[in-house]
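Listing of structure-v8.txt; format and content: compact mmCIF, C-alpha atoms.
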```
# COMPACT_ATOMS: atom_id res chain seq x y z
CA MET A 873 -2.77 -18.25 -1.86
CA LYS A 874 0.80 -19.23 -2.76
CA LYS A 875 -0.43 -20.21 -6.22
CA SER A 876 -1.15 -17.74 -8.97
CA ILE A 877 -4.29 -15.65 -8.79
CA ILE A 878 -6.17 -17.67 -11.35
CA THR A 879 -5.44 -21.04 -9.77
CA LEU A 880 -8.39 -20.78 -7.38
CA SER A 881 -10.74 -19.45 -10.03
CA LEU A 882 -9.86 -21.94 -12.72
CA ALA A 883 -9.49 -24.81 -10.31
CA ALA A 884 -12.98 -23.98 -9.12
CA ILE A 885 -14.43 -23.84 -12.62
CA LEU A 886 -12.39 -26.80 -13.80
CA GLY A 887 -13.93 -28.61 -10.89
CA PHE A 888 -13.96 -31.69 -8.74
CA GLY A 889 -15.93 -34.91 -8.70
CA SER A 890 -15.70 -38.54 -9.70
CA ALA A 891 -19.24 -39.53 -10.73
CA THR A 892 -19.72 -40.22 -14.45
CA VAL A 893 -23.06 -38.77 -15.46
CA GLY A 894 -24.74 -39.79 -18.68
CA LEU A 895 -26.42 -37.36 -21.02
CA PRO A 896 -30.20 -37.42 -20.55
CA LEU A 897 -31.72 -39.14 -23.57
CA GLU A 898 -35.23 -37.80 -23.18
CA LYS A 899 -35.93 -34.34 -24.51
CA ALA A 900 -36.89 -31.95 -21.71
CA SER A 901 -39.72 -29.57 -22.08
CA ALA A 902 -39.10 -25.93 -22.97
CA GLU A 903 -40.40 -24.89 -19.56
CA ASN A 904 -37.91 -27.15 -17.78
CA LYS A 905 -35.08 -25.67 -19.80
CA LEU A 906 -35.97 -22.13 -18.79
CA ASN A 907 -36.48 -23.19 -15.17
CA ASP A 908 -33.04 -24.79 -15.13
CA LEU A 909 -31.42 -21.72 -16.66
CA ASN A 910 -33.15 -19.39 -14.19
CA SER A 911 -32.17 -21.68 -11.30
CA GLN A 912 -28.54 -21.61 -12.40
CA LYS A 913 -28.69 -17.83 -12.70
CA ASP A 914 -30.04 -17.53 -9.13
CA LYS A 915 -27.31 -19.81 -7.79
CA ILE A 916 -24.60 -17.78 -9.52
CA ASN A 917 -26.09 -14.57 -8.13
CA GLN A 918 -25.93 -16.04 -4.62
CA GLN A 919 -22.32 -17.10 -5.17
CA ARG A 920 -21.44 -13.59 -6.33
CA SER A 921 -23.01 -12.12 -3.19
CA GLY A 922 -20.90 -14.47 -1.08
CA VAL A 923 -17.72 -13.58 -2.97
CA GLU A 924 -18.42 -9.84 -2.70
CA SER A 925 -18.97 -10.27 1.05
CA LYS A 926 -15.59 -12.05 1.29
CA ILE A 927 -13.96 -9.20 -0.64
CA THR A 928 -15.45 -6.70 1.84
CA ASP A 929 -14.18 -8.79 4.78
CA THR A 930 -10.74 -9.02 3.19
CA ASP A 931 -10.65 -5.23 2.71
CA LYS A 932 -11.50 -4.83 6.39
CA LYS A 933 -8.71 -7.23 7.40
CA ILE A 934 -6.26 -5.40 5.13
CA ASN A 935 -7.15 -2.09 6.80
CA GLU A 936 -6.71 -3.65 10.25
CA ASN A 937 -3.38 -5.11 9.17
CA GLN A 938 -2.21 -1.75 7.84
CA GLY A 939 -3.22 -0.15 11.16
CA GLU A 940 -1.12 -2.71 13.03
CA GLN A 941 1.77 -2.06 10.67
CA GLN A 942 1.53 1.66 11.34
CA SER A 943 1.54 1.05 15.10
CA VAL A 944 4.54 -1.29 14.84
CA GLN A 945 6.33 1.20 12.59
CA SER A 946 5.78 3.94 15.19
CA GLU A 947 7.20 1.64 17.87
CA ILE A 948 10.21 0.89 15.66
CA GLU A 949 10.79 4.62 15.19
CA ARG A 950 10.62 5.11 18.99
CA LEU A 951 13.13 2.29 19.49
CA ASP A 952 15.39 3.74 16.80
CA LYS A 953 15.42 7.07 18.65
CA ALA A 954 16.07 5.31 21.98
CA ILE A 955 18.92 3.31 20.44
CA SER A 956 20.40 6.48 18.91
CA ASP A 957 20.15 8.21 22.29
CA ALA A 958 21.80 5.24 24.02
CA LEU A 959 24.60 5.22 21.45
CA ALA A 960 25.13 8.96 21.96
CA LYS A 961 25.32 8.48 25.74
CA ILE A 962 27.70 5.55 25.31
CA GLU A 963 29.92 7.75 23.16
CA GLU A 964 29.71 10.45 25.82
CA LYS A 965 30.70 7.98 28.55
CA ASN A 966 33.50 6.65 26.37
CA GLY A 967 34.77 10.21 26.08
CA GLN A 968 34.51 10.74 29.82
CA ILE A 969 36.27 7.44 30.47
CA ALA A 970 39.02 8.45 28.05
CA GLU A 971 39.41 11.79 29.87
CA THR A 972 39.43 10.02 33.22
CA LYS A 973 42.10 7.65 31.99
CA LYS A 974 44.16 10.67 30.92
CA GLU A 975 43.68 12.08 34.41
CA ILE A 976 44.77 8.73 35.79
CA GLU A 977 47.91 8.86 33.64
CA LYS A 978 48.61 12.41 34.88
CA LEU A 979 47.91 11.34 38.45
CA GLU A 980 50.22 8.36 38.06
CA ALA A 981 52.98 10.82 37.10
CA GLU A 982 52.16 12.90 40.20
CA ILE A 983 52.08 9.75 42.27
CA LYS A 984 55.57 8.90 41.06
CA VAL A 985 56.75 12.31 42.29
CA LEU A 986 55.01 11.76 45.64
CA VAL A 987 56.48 8.30 45.93
CA GLU A 988 59.94 9.71 45.22
CA ARG A 989 59.45 12.46 47.80
CA ILE A 990 58.23 9.94 50.39
CA LYS A 991 61.20 7.74 49.57
CA LYS A 992 63.63 10.62 50.14
CA ARG A 993 61.91 11.57 53.40
CA ASN A 994 62.06 7.97 54.52
CA GLU A 995 65.82 8.03 53.92
CA LEU A 996 66.11 11.33 55.85
CA LEU A 997 64.02 9.99 58.71
CA LYS A 998 66.13 6.86 58.77
CA ASP A 999 69.23 9.04 59.07
CA ARG A 1000 67.59 10.95 61.90
CA ALA A 1001 66.62 7.76 63.67
CA ARG A 1002 70.11 6.36 63.21
CA ASN A 1003 71.60 9.60 64.65
CA TYR A 1004 69.28 9.41 67.67
CA GLN A 1005 70.34 5.82 68.23
CA GLU A 1006 74.03 6.63 67.96
CA THR A 1007 74.00 9.85 70.07
CA GLY A 1008 71.20 9.08 72.46
CA GLY A 1009 68.60 11.30 70.92
CA MET A 1010 68.09 14.60 72.75
CA VAL A 1011 71.49 14.26 74.53
CA SER A 1012 73.24 15.35 71.38
CA TYR A 1013 71.16 18.56 71.37
CA ILE A 1014 72.22 19.27 75.06
CA ASP A 1015 75.84 18.78 74.13
CA VAL A 1016 75.34 21.28 71.38
CA LEU A 1017 73.87 23.80 73.79
CA MET A 1018 76.42 23.21 76.55
CA GLY A 1019 79.24 23.70 74.14
CA ALA A 1020 78.34 27.36 73.63
CA GLN A 1021 81.28 29.75 74.15
CA SER A 1022 79.13 32.73 75.03
CA PHE A 1023 75.54 33.66 75.70
CA GLY A 1024 75.07 34.88 72.14
CA ASP A 1025 76.49 31.60 70.90
CA PHE A 1026 74.10 29.78 73.21
CA VAL A 1027 71.11 31.68 71.84
CA GLU A 1028 72.16 30.88 68.33
CA ARG A 1029 72.58 27.22 69.23
CA VAL A 1030 69.11 27.14 70.86
CA GLY A 1031 67.60 28.60 67.71
CA ALA A 1032 69.43 26.09 65.57
CA VAL A 1033 68.26 23.16 67.68
CA ALA A 1034 64.66 24.46 67.62
CA THR A 1035 64.84 24.78 63.87
CA ILE A 1036 66.12 21.24 63.47
CA VAL A 1037 63.40 19.84 65.73
CA GLU A 1038 60.73 21.83 63.92
CA ALA A 1039 62.09 20.64 60.56
CA ASP A 1040 61.82 17.08 61.75
CA GLN A 1041 58.20 17.70 62.71
CA ASP A 1042 57.52 19.32 59.31
CA ILE A 1043 59.03 16.37 57.53
CA LEU A 1044 56.78 14.01 59.40
CA LYS A 1045 53.71 16.15 58.73
CA ALA A 1046 54.52 16.55 55.02
CA HIS A 1047 55.21 12.86 54.78
CA GLN A 1048 51.83 12.04 56.30
CA ALA A 1049 50.06 14.66 54.12
CA ASP A 1050 51.59 13.24 50.97
CA LYS A 1051 50.55 9.74 51.94
CA ASP A 1052 46.99 10.90 52.69
CA GLU A 1053 46.76 12.84 49.41
CA LEU A 1054 48.08 9.87 47.49
CA GLU A 1055 45.54 7.49 49.01
CA LYS A 1056 42.74 10.03 48.49
CA LYS A 1057 43.56 10.60 44.80
CA GLN A 1058 43.91 6.89 44.17
CA ALA A 1059 40.53 6.15 45.78
CA GLN A 1060 38.82 9.08 44.00
CA VAL A 1061 40.06 8.13 40.55
CA LYS A 1062 39.25 4.46 41.00
CA GLU A 1063 35.75 5.34 42.18
CA GLU A 1064 35.15 7.71 39.25
CA LEU A 1065 36.44 5.21 36.71
CA ALA A 1066 34.35 2.41 38.21
CA SER A 1067 31.26 4.63 38.10
CA LEU A 1068 31.83 5.54 34.45
CA GLU A 1069 32.45 1.94 33.45
CA LYS A 1070 29.31 0.88 35.32
CA MET A 1071 27.23 3.51 33.49
CA ARG A 1072 28.73 2.45 30.18
CA ALA A 1073 27.94 -1.20 30.92
CA GLU A 1074 24.34 -0.24 31.78
CA LEU A 1075 24.06 1.71 28.53
CA GLU A 1076 25.49 -1.21 26.56
CA SER A 1077 22.96 -3.50 28.21
CA MET A 1078 20.16 -1.02 27.40
CA LYS A 1079 21.34 -0.82 23.77
CA LYS A 1080 21.38 -4.62 23.55
CA SER A 1081 17.85 -4.79 24.95
CA LEU A 1082 16.62 -2.07 22.57
CA ASN A 1083 18.21 -3.84 19.61
CA ALA A 1084 16.49 -7.07 20.62
CA GLN A 1085 13.15 -5.26 20.88
CA LYS A 1086 13.70 -3.63 17.48
CA ALA A 1087 14.58 -7.02 15.97
CA GLU A 1088 11.29 -8.40 17.28
CA LYS A 1089 9.37 -5.42 15.91
CA ASP A 1090 11.13 -5.77 12.54
CA LYS A 1091 10.17 -9.43 12.51
CA LEU A 1092 6.56 -8.58 13.39
CA LEU A 1093 6.43 -5.87 10.70
CA LYS A 1094 7.80 -8.29 8.12
CA SER A 1095 5.17 -10.84 9.14
CA LEU A 1096 2.40 -8.23 8.89
CA LYS A 1097 3.60 -7.14 5.46
CA HIS A 1098 3.68 -10.75 4.28
CA GLU A 1099 0.18 -11.25 5.70
CA GLU A 1100 -0.98 -8.12 3.86
CA GLU A 1101 0.53 -9.41 0.60
CA GLU A 1102 -1.32 -12.71 1.06
CA MET A 1103 -4.59 -10.88 1.73
CA HIS A 1104 -4.10 -8.74 -1.38
CA ALA A 1105 -3.45 -11.92 -3.38
CA HIS A 1106 -6.56 -13.50 -1.87
CA LYS A 1107 -8.55 -10.38 -2.73
CA LEU A 1108 -7.33 -10.64 -6.33
CA GLU A 1109 -8.38 -14.29 -6.39
CA LEU A 1110 -11.82 -13.32 -5.11
CA ALA A 1111 -12.02 -10.52 -7.68
CA GLU A 1112 -11.07 -13.02 -10.41
CA GLU A 1113 -13.70 -15.42 -9.13
CA ASN A 1114 -16.28 -12.63 -9.04
CA GLU A 1115 -15.45 -11.62 -12.62
CA ILE A 1116 -15.94 -15.18 -13.87
CA LEU A 1117 -19.21 -15.48 -11.93
CA ALA A 1118 -20.39 -12.20 -13.45
CA ALA A 1119 -19.43 -13.41 -16.92
CA GLN A 1120 -21.20 -16.70 -16.33
CA GLU A 1121 -24.29 -14.89 -15.06
CA ALA A 1122 -24.31 -12.77 -18.24
CA ALA A 1123 -23.86 -15.89 -20.37
CA ILE A 1124 -26.75 -17.64 -18.61
CA GLN A 1125 -28.90 -14.53 -19.10
CA LYS A 1126 -28.07 -14.60 -22.80
CA ALA A 1127 -28.82 -18.32 -22.93
CA ILE A 1128 -32.22 -17.63 -21.32
CA LYS A 1129 -32.93 -15.01 -23.96
CA LEU A 1130 -31.88 -17.37 -26.77
CA GLU A 1131 -34.02 -20.16 -25.31
CA GLN A 1132 -37.02 -17.82 -25.10
CA GLU A 1133 -36.45 -16.76 -28.70
CA ARG A 1134 -36.09 -20.41 -29.73
CA GLN A 1135 -39.33 -21.31 -27.96
CA ALA A 1136 -41.11 -18.38 -29.57
CA GLU A 1137 -39.82 -19.46 -32.99
CA ALA A 1138 -40.82 -23.07 -32.30
CA ALA A 1139 -44.32 -21.93 -31.32
CA ARG A 1140 -44.53 -19.82 -34.48
CA GLN A 1141 -43.39 -22.73 -36.64
CA ALA A 1142 -45.86 -25.02 -34.88
CA GLU A 1143 -48.66 -22.53 -35.57
CA LEU A 1144 -47.64 -22.28 -39.22
CA ALA A 1145 -47.54 -26.07 -39.49
CA LYS A 1146 -50.99 -26.27 -37.90
CA GLN A 1147 -52.39 -23.72 -40.35
CA LYS A 1148 -50.76 -25.52 -43.27
CA ALA A 1149 -52.20 -28.84 -42.11
CA ALA A 1150 -55.66 -27.26 -41.86
CA GLN A 1151 -55.32 -25.85 -45.37
CA GLU A 1152 -54.22 -29.25 -46.74
CA ALA A 1153 -57.16 -30.93 -45.04
CA ALA A 1154 -59.54 -28.37 -46.54
CA LYS A 1155 -58.12 -28.98 -50.00
CA LYS A 1156 -58.50 -32.74 -49.63
CA SER A 1157 -62.11 -32.47 -48.57
CA SER A 1158 -63.02 -30.20 -51.51
CA SER A 1159 -61.22 -32.16 -54.22
CA SER A 1160 -62.02 -35.67 -55.54
CA SER A 1161 -58.73 -36.07 -57.33
CA ALA A 1162 -55.66 -37.51 -55.58
CA GLY A 1163 -53.22 -35.00 -54.34
CA SER A 1164 -49.54 -35.18 -54.59
CA SER A 1165 -46.96 -34.10 -52.12
CA SER A 1166 -43.26 -33.54 -52.21
CA ALA A 1167 -40.71 -33.71 -49.43
CA GLY A 1168 -37.91 -31.23 -49.05
CA SER A 1169 -34.67 -31.59 -47.22
CA SER A 1170 -32.55 -29.09 -45.47
CA SER A 1171 -29.01 -29.32 -44.46
CA SER A 1172 -26.91 -27.34 -42.10
CA SER A 1173 -23.19 -27.09 -42.19
CA SER A 1174 -20.82 -26.50 -39.34
CA PRO A 1175 -17.77 -24.31 -39.78
CA GLN A 1176 -15.09 -26.24 -41.59
CA VAL A 1177 -12.28 -27.58 -39.33
CA SER A 1178 -9.28 -29.71 -40.06
CA ALA A 1179 -10.08 -32.11 -37.25
CA PRO A 1180 -11.95 -33.62 -35.55
CA SER A 1181 -15.10 -34.44 -37.46
CA VAL A 1182 -18.26 -33.06 -35.87
CA SER A 1183 -20.30 -35.79 -34.17
CA SER A 1184 -24.06 -36.13 -34.72
CA GLY A 1185 -25.12 -35.98 -31.06
CA ALA A 1186 -25.34 -33.05 -28.68
CA TRP A 1187 -21.58 -33.22 -28.02
CA THR A 1188 -18.53 -33.44 -30.24
CA ARG A 1189 -14.85 -34.05 -29.60
CA PRO A 1190 -13.12 -30.71 -28.83
CA ALA A 1191 -9.80 -31.58 -30.50
CA ALA A 1192 -7.99 -34.29 -32.41
CA GLY A 1193 -5.18 -36.17 -30.63
CA ARG A 1194 -4.57 -38.82 -28.02
CA LEU A 1195 -5.99 -38.83 -24.50
CA SER A 1196 -2.73 -38.25 -22.61
CA SER A 1197 -4.15 -37.82 -19.10
CA GLY A 1198 -7.49 -38.78 -17.60
CA PHE A 1199 -9.82 -37.42 -14.95
CA GLY A 1200 -9.13 -37.94 -11.23
CA ASN A 1201 -6.14 -38.52 -9.01
CA ARG A 1202 -2.63 -38.73 -10.45
CA SER A 1203 0.99 -38.35 -9.28
CA LEU A 1204 0.90 -34.55 -9.60
CA GLY A 1205 -2.32 -34.35 -7.59
CA GLU A 1206 -6.03 -34.26 -8.38
CA HIS A 1207 -6.68 -33.74 -12.11
CA PHE A 1208 -10.02 -32.09 -12.72
CA GLY A 1209 -10.29 -32.84 -16.42
CA VAL A 1210 -8.73 -34.70 -19.33
CA ASP A 1211 -5.75 -33.81 -21.54
CA ILE A 1212 -5.74 -34.28 -25.32
CA ALA A 1213 -2.27 -34.05 -26.90
CA ALA A 1214 -1.26 -33.67 -30.54
CA GLY A 1215 1.49 -32.03 -32.58
CA GLY A 1216 1.29 -29.39 -35.28
CA THR A 1217 -1.47 -26.81 -35.74
CA VAL A 1218 -4.49 -28.43 -34.10
CA PRO A 1219 -7.87 -26.62 -34.07
CA ILE A 1220 -9.92 -26.49 -30.85
CA VAL A 1221 -13.72 -26.53 -31.33
CA ALA A 1222 -16.72 -25.94 -29.08
CA ALA A 1223 -17.88 -29.28 -27.67
CA ALA A 1224 -21.55 -28.18 -27.94
CA ASP A 1225 -23.74 -25.20 -28.76
CA GLY A 1226 -23.46 -22.50 -26.11
CA VAL A 1227 -22.51 -19.01 -24.98
CA VAL A 1228 -18.90 -18.04 -24.16
CA ILE A 1229 -18.70 -17.21 -20.46
CA ARG A 1230 -15.17 -15.84 -20.60
CA SER A 1231 -12.26 -15.78 -23.04
CA TYR A 1232 -8.99 -14.56 -21.51
CA TYR A 1233 -5.36 -15.30 -20.62
CA SER A 1234 -4.49 -16.85 -17.25
CA SER A 1235 -0.98 -17.19 -15.81
CA SER A 1236 -1.86 -20.75 -14.75
CA TYR A 1237 -4.01 -22.00 -17.63
CA GLY A 1238 -2.71 -19.76 -20.39
CA ASN A 1239 -5.26 -18.92 -23.06
CA ALA A 1240 -8.55 -20.26 -21.69
CA ILE A 1241 -12.22 -20.24 -22.71
CA PHE A 1242 -15.32 -21.10 -20.63
CA ILE A 1243 -18.61 -21.93 -22.38
CA ALA A 1244 -22.12 -22.38 -20.91
CA HIS A 1245 -24.42 -24.97 -22.57
CA SER A 1246 -28.09 -25.90 -22.13
CA ILE A 1247 -28.66 -29.47 -23.31
CA GLY A 1248 -31.82 -31.47 -22.72
CA GLY A 1249 -32.93 -29.18 -19.90
CA GLN A 1250 -29.53 -29.47 -18.17
CA THR A 1251 -26.93 -26.69 -17.91
CA TYR A 1252 -23.27 -27.63 -18.51
CA THR A 1253 -20.04 -25.66 -18.44
CA THR A 1254 -16.96 -26.60 -20.50
CA VAL A 1255 -13.44 -25.26 -20.13
CA TYR A 1256 -10.61 -25.22 -22.69
CA ALA A 1257 -7.09 -24.36 -21.43
CA HIS A 1258 -3.45 -23.91 -22.56
CA MET A 1259 -4.46 -22.85 -26.08
CA ARG A 1260 -1.99 -21.15 -28.39
CA SER A 1261 -4.64 -18.65 -29.46
CA ARG A 1262 -8.35 -17.84 -29.01
CA SER A 1263 -10.75 -16.90 -31.79
CA VAL A 1264 -13.98 -16.16 -29.85
CA GLY A 1265 -14.74 -13.53 -27.20
CA SER A 1266 -16.73 -13.32 -23.99
CA GLY A 1267 -20.52 -13.28 -24.53
CA GLN A 1268 -20.27 -14.73 -28.03
CA THR A 1269 -22.70 -17.47 -29.11
CA VAL A 1270 -20.96 -20.55 -30.54
CA SER A 1271 -22.21 -23.68 -32.25
CA LYS A 1272 -21.04 -27.27 -31.80
CA GLY A 1273 -17.88 -27.86 -33.81
CA GLN A 1274 -17.15 -24.15 -34.29
CA GLN A 1275 -13.44 -23.41 -34.03
CA ILE A 1276 -12.63 -21.38 -30.92
CA GLY A 1277 -8.83 -21.56 -30.91
CA ILE A 1278 -5.61 -23.48 -31.58
CA MET A 1279 -4.02 -26.10 -29.31
CA GLY A 1280 -0.93 -24.78 -27.53
CA ASN A 1281 1.41 -24.89 -24.55
CA THR A 1282 0.64 -21.63 -22.70
CA GLY A 1283 0.44 -21.04 -18.95
CA GLN A 1284 1.62 -23.77 -16.58
CA SER A 1285 1.86 -26.42 -19.24
CA TYR A 1286 4.46 -29.02 -20.21
CA GLY A 1287 4.03 -29.79 -23.86
CA GLN A 1288 1.31 -28.95 -26.36
CA HIS A 1289 -2.11 -30.22 -25.33
CA LEU A 1290 -5.71 -29.22 -24.59
CA HIS A 1291 -6.86 -29.28 -20.97
CA PHE A 1292 -10.63 -29.95 -21.23
CA GLU A 1293 -13.10 -29.76 -18.35
CA LEU A 1294 -16.83 -30.49 -18.00
CA HIS A 1295 -19.15 -29.27 -15.21
CA ARG A 1296 -22.73 -30.43 -14.81
CA GLY A 1297 -24.33 -27.09 -13.97
CA SER A 1298 -22.39 -23.91 -13.32
CA TRP A 1299 -18.93 -24.00 -11.79
CA ASN A 1300 -18.51 -23.14 -8.11
CA ALA A 1301 -15.68 -22.60 -5.68
CA ALA A 1302 -16.42 -25.94 -3.99
CA LYS A 1303 -15.75 -27.69 -7.34
CA SER A 1304 -18.75 -29.92 -6.69
CA ASN A 1305 -20.13 -29.85 -10.25
CA ALA A 1306 -17.08 -31.18 -12.11
CA ILE A 1307 -17.61 -34.55 -13.83
CA ASN A 1308 -15.59 -36.92 -15.96
CA PRO A 1309 -16.29 -35.99 -19.60
CA VAL A 1310 -15.48 -39.51 -20.80
CA GLY A 1311 -18.74 -41.23 -21.70
CA ILE A 1312 -20.57 -37.92 -22.23
CA VAL A 1313 -18.33 -36.15 -24.73
CA PRO A 1314 -17.02 -38.45 -27.52
CA LEU A 1315 -13.33 -38.59 -26.69
```

Whole structure given in structure tokens:
Amino acid sequence: MKKSIITLSLAAILGFGSATVGLPLEKASAENKLNDLNSQKDKINQQRSGVESKITDTDKKINENQGEQQSVQSEIERLDKAISDALAKIEEKNGQIAETKKEIEKLEAEIKVLVERIKKRNELLKDRARNYQETGGMVSYIDVLMGAQSFGDFVERVGAVATIVEADQDILKAHQADKDELEKKQAQVKEELASLEKMRAELESMKKSLNAQKAEKDKLLKSLKHEEEEMHAHKLELAEENEILAAQEAAIQKAIKLEQERQAEAARQAELAKQKAAQEAAKKSSSSSAGSSSAGSSSSSSPQVSAPSVSSGAWTRPAAGRLSSGFGNRSLGEHFGVDIAAGGTVPIVAAADGVVIRSYYSSSYGNAIFIAHSIGGQTYTTVYAHMRSRSVGSGQTVSKGQQIGIMGNTGQSYGQHLHFELHRGSWNAAKSNAINPVGIVPL
């Protein structure tokens, strides 16, 4: 599937196999020829049914894959929303933490004032304690009272002492209240800040988890998309294979029709020859003089080509040049044919009489032609690849030695050459009909 679309199709038609099969020398009967052609047609029809079934299965898998992608995409959208919500809450908590820190700064300023007030009170209380120690505490207050000059003075002194004592009590109470308030504010702010930071940490952890889940879903979606691309490529390969099978089926059908027409013409010629022989016999029996006869000769000419010369047998060499690569295993992998290399403008010819299965351009094999042949009751398929140009079309009848194109370097090719393949029978995806053309085709 990583190869180009045509690789499977052409590799299948270009074939596989190592047995060298000789051309049958005996001439098969006309009935055997038609039977073979019909058998090949039936096999191709079965192969097409199998390929179409695979295409249907692939379509089903593609639909299932797309359904999974849609589900994963929905999950990714949900995660995106959850992540966005988490980010918004984190921002909110960050704002609250910032406000709390401002409150802490304000509180710290208040705390400084409280600390200063407590410090001053401590100094005042120390002075009071020192005075008690020096004067004997309450004794000093009695001395104050006893030193009154009059009752009014005494009352005033009592009020003054009461005020001082009450002030001392107020100082102690205020001191304790400030200390309690300070501890309360400190505890409250620390608790609030800790709570906010804990919530923010939880949100950060949630965001991290959501991001990890989204990363997994993204990875899964990417995998599903890649799988879908591979299935589409496989479907294209199957479609390519189906097109070639359809073309081959049409070519075989045309070959059947041509064979039927040939048989009908042969029967007509045989009947004419029989009638002529009967007439000659009648003439001989009614005449006493010696008869004379003359022999005629007929000649047929193949389309003129620069090279190679057309051989006399059923097969002819498809192109002039040297055999640069043979059939079978090689360093680049299995080679399902032979390569013929030559420079300049080199004609490519049909290796035998036949019907063009398909003539088209392939990204792998460049300009390529497939031809079906029926020779001695046996069906063959030949393939011609990497041509510079093609001069025959699909469904066209060609004769041995007829030019079908020019040698080239198109497709996945490294240097000008002809890639020539021979299949005994029709091609198939299992590549089981490919044979070594050496020893069959004069190379």

Sort by chain and increasing residue number a table of all residues of region 966-1002 of chain A within 9 Å of region 1047-1070 of chain A, each with its closest pair of atoms and their distance in Å to one decimal, counting all atoms listed in the file, and write it as a tab-separated table.
```
residue	atom	partner	partner_atom	distance
A:Asn966	CA	A:Leu1068	CA	8.3
A:Gln968	CA	A:Leu1068	CA	7.5
A:Ile969	CA	A:Leu1068	CA	6.3
A:Thr972	CA	A:Leu1065	CA	6.7
A:Lys973	CA	A:Leu1065	CA	7.8
A:Glu975	CA	A:Val1061	CA	8.1
A:Ile976	CA	A:Val1061	CA	6.7
A:Leu979	CA	A:Lys1057	CA	7.7
A:Glu980	CA	A:Gln1058	CA	8.9
A:Glu982	CA	A:Leu1054	CA	8.9
A:Ile983	CA	A:Leu1054	CA	6.6
A:Leu986	CA	A:Asp1050	CA	6.5
A:Val987	CA	A:Lys1051	CA	8.6
A:Arg989	CA	A:His1047	CA	8.2
A:Ile990	CA	A:His1047	CA	6.1
A:Arg993	CA	A:His1047	CA	7.0
A:Asn994	CA	A:His1047	CA	8.4
```

- [ ] Between A:Thr1035, A:Ile948, A:Leu1117, A:Ala981, single out the one closest to Gln1085 (chain A), counting all atoms listed in the file.
- [x]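 For Gln1085 (chain A), the nearest of the candidates is A:Ile948.
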
Open item on the list: Which residues are close to region 914-923 of chain A, i.e. within 7 Å by only C-alpha atoms, leaving aside same-chain residues fewer than 2 positions away? Reply as a PyMOL selection string.
Closed with: chain A and resi 910-912+925-927+1110+1114+1117+1121

Task: Surrounding residues of Leu1195 (chain A) excluding itself and chain neighbours under 5 positions, 8 Å, only C-alpha atoms, as a PyMOL selection string - done: chain A and resi 1210-1213+1315

- [ ] Tell me which protein, DNA and RNA residues are within 8 Å of Thr1254 (chain A), counting only C-alpha atoms, leaving out same-chain ones fewer than 4 positions away, and put them as a ChimeraX atom specification.
- [x] /A:1223,1242-1245,1292-1295

TODO: Tell me which of A:Ile934, A:Ala1150, A:Ile1307, A:Leu951 sits closest to Met1103 (chain A), counting all atoms listed in the file.
DONE: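 Closest candidate: A:Ile934.
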
Task: Best match for closeness to Gly1248 (chain A) among A:Lys1086, A:Ala1149, A:Ala1136, A:Trp1187, counting all atoms listed in the file - done: A:Trp1187

Open item on the list: Would you compute the distance between CA of Asn935 (chain A) and CA of Lys1091 (chain A)? Give it in Å to one decimal.
Closed with: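 If I compute the distance from CA of Asn935 (chain A) to CA of Lys1091 (chain A), I get 19.7 Å.
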
Open item on the list: Considering all atoms listed in the file, can you say which of A:Ala1127, A:Ile1220, A:Val1227, A:Ala960 comes closest to Leu1075 (chain A)?
Closed with: A:Ala960

Open item on the list: Taking (-3.9, -22.5, -27.7) in the coordinates of the supplied file, I want to know which residues reach to within 7 Å of it, counting all atoms listed in the file; could you give the answer as a VMD selection string?
Closed with: chain A and resid 1239 1258 to 1262 1277 to 1282

Can you give me N, CA, C and O atoms for region 1133-1138 of chain A, written as a short mmCIF file (atom, residue, chain, number, x, y, z; two decimals), in the frame of the given file?
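Wrote out.cif, looks like this:
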```cif
data_model
loop_
_atom_site.label_atom_id
_atom_site.label_comp_id
_atom_site.auth_asym_id
_atom_site.auth_seq_id
_atom_site.Cartn_x
_atom_site.Cartn_y
_atom_site.Cartn_z
N GLU A 1133 -36.29 -17.02 -27.27
CA GLU A 1133 -36.45 -16.76 -28.70
C GLU A 1133 -36.67 -18.06 -29.48
O GLU A 1133 -37.49 -18.13 -30.41
N ARG A 1134 -35.92 -19.12 -29.07
CA ARG A 1134 -36.09 -20.41 -29.73
C ARG A 1134 -37.49 -20.96 -29.51
O ARG A 1134 -38.13 -21.49 -30.44
N GLN A 1135 -37.99 -20.82 -28.25
CA GLN A 1135 -39.33 -21.31 -27.96
C GLN A 1135 -40.39 -20.53 -28.74
O GLN A 1135 -41.35 -21.10 -29.25
N ALA A 1136 -40.16 -19.20 -28.82
CA ALA A 1136 -41.11 -18.38 -29.57
C ALA A 1136 -41.12 -18.79 -31.05
O ALA A 1136 -42.18 -18.89 -31.69
N GLU A 1137 -39.92 -19.04 -31.59
CA GLU A 1137 -39.82 -19.46 -32.99
C GLU A 1137 -40.45 -20.83 -33.19
O GLU A 1137 -41.13 -21.09 -34.19
N ALA A 1138 -40.22 -21.73 -32.20
CA ALA A 1138 -40.82 -23.07 -32.30
C ALA A 1138 -42.34 -22.99 -32.27
O ALA A 1138 -43.04 -23.70 -33.00
#
```
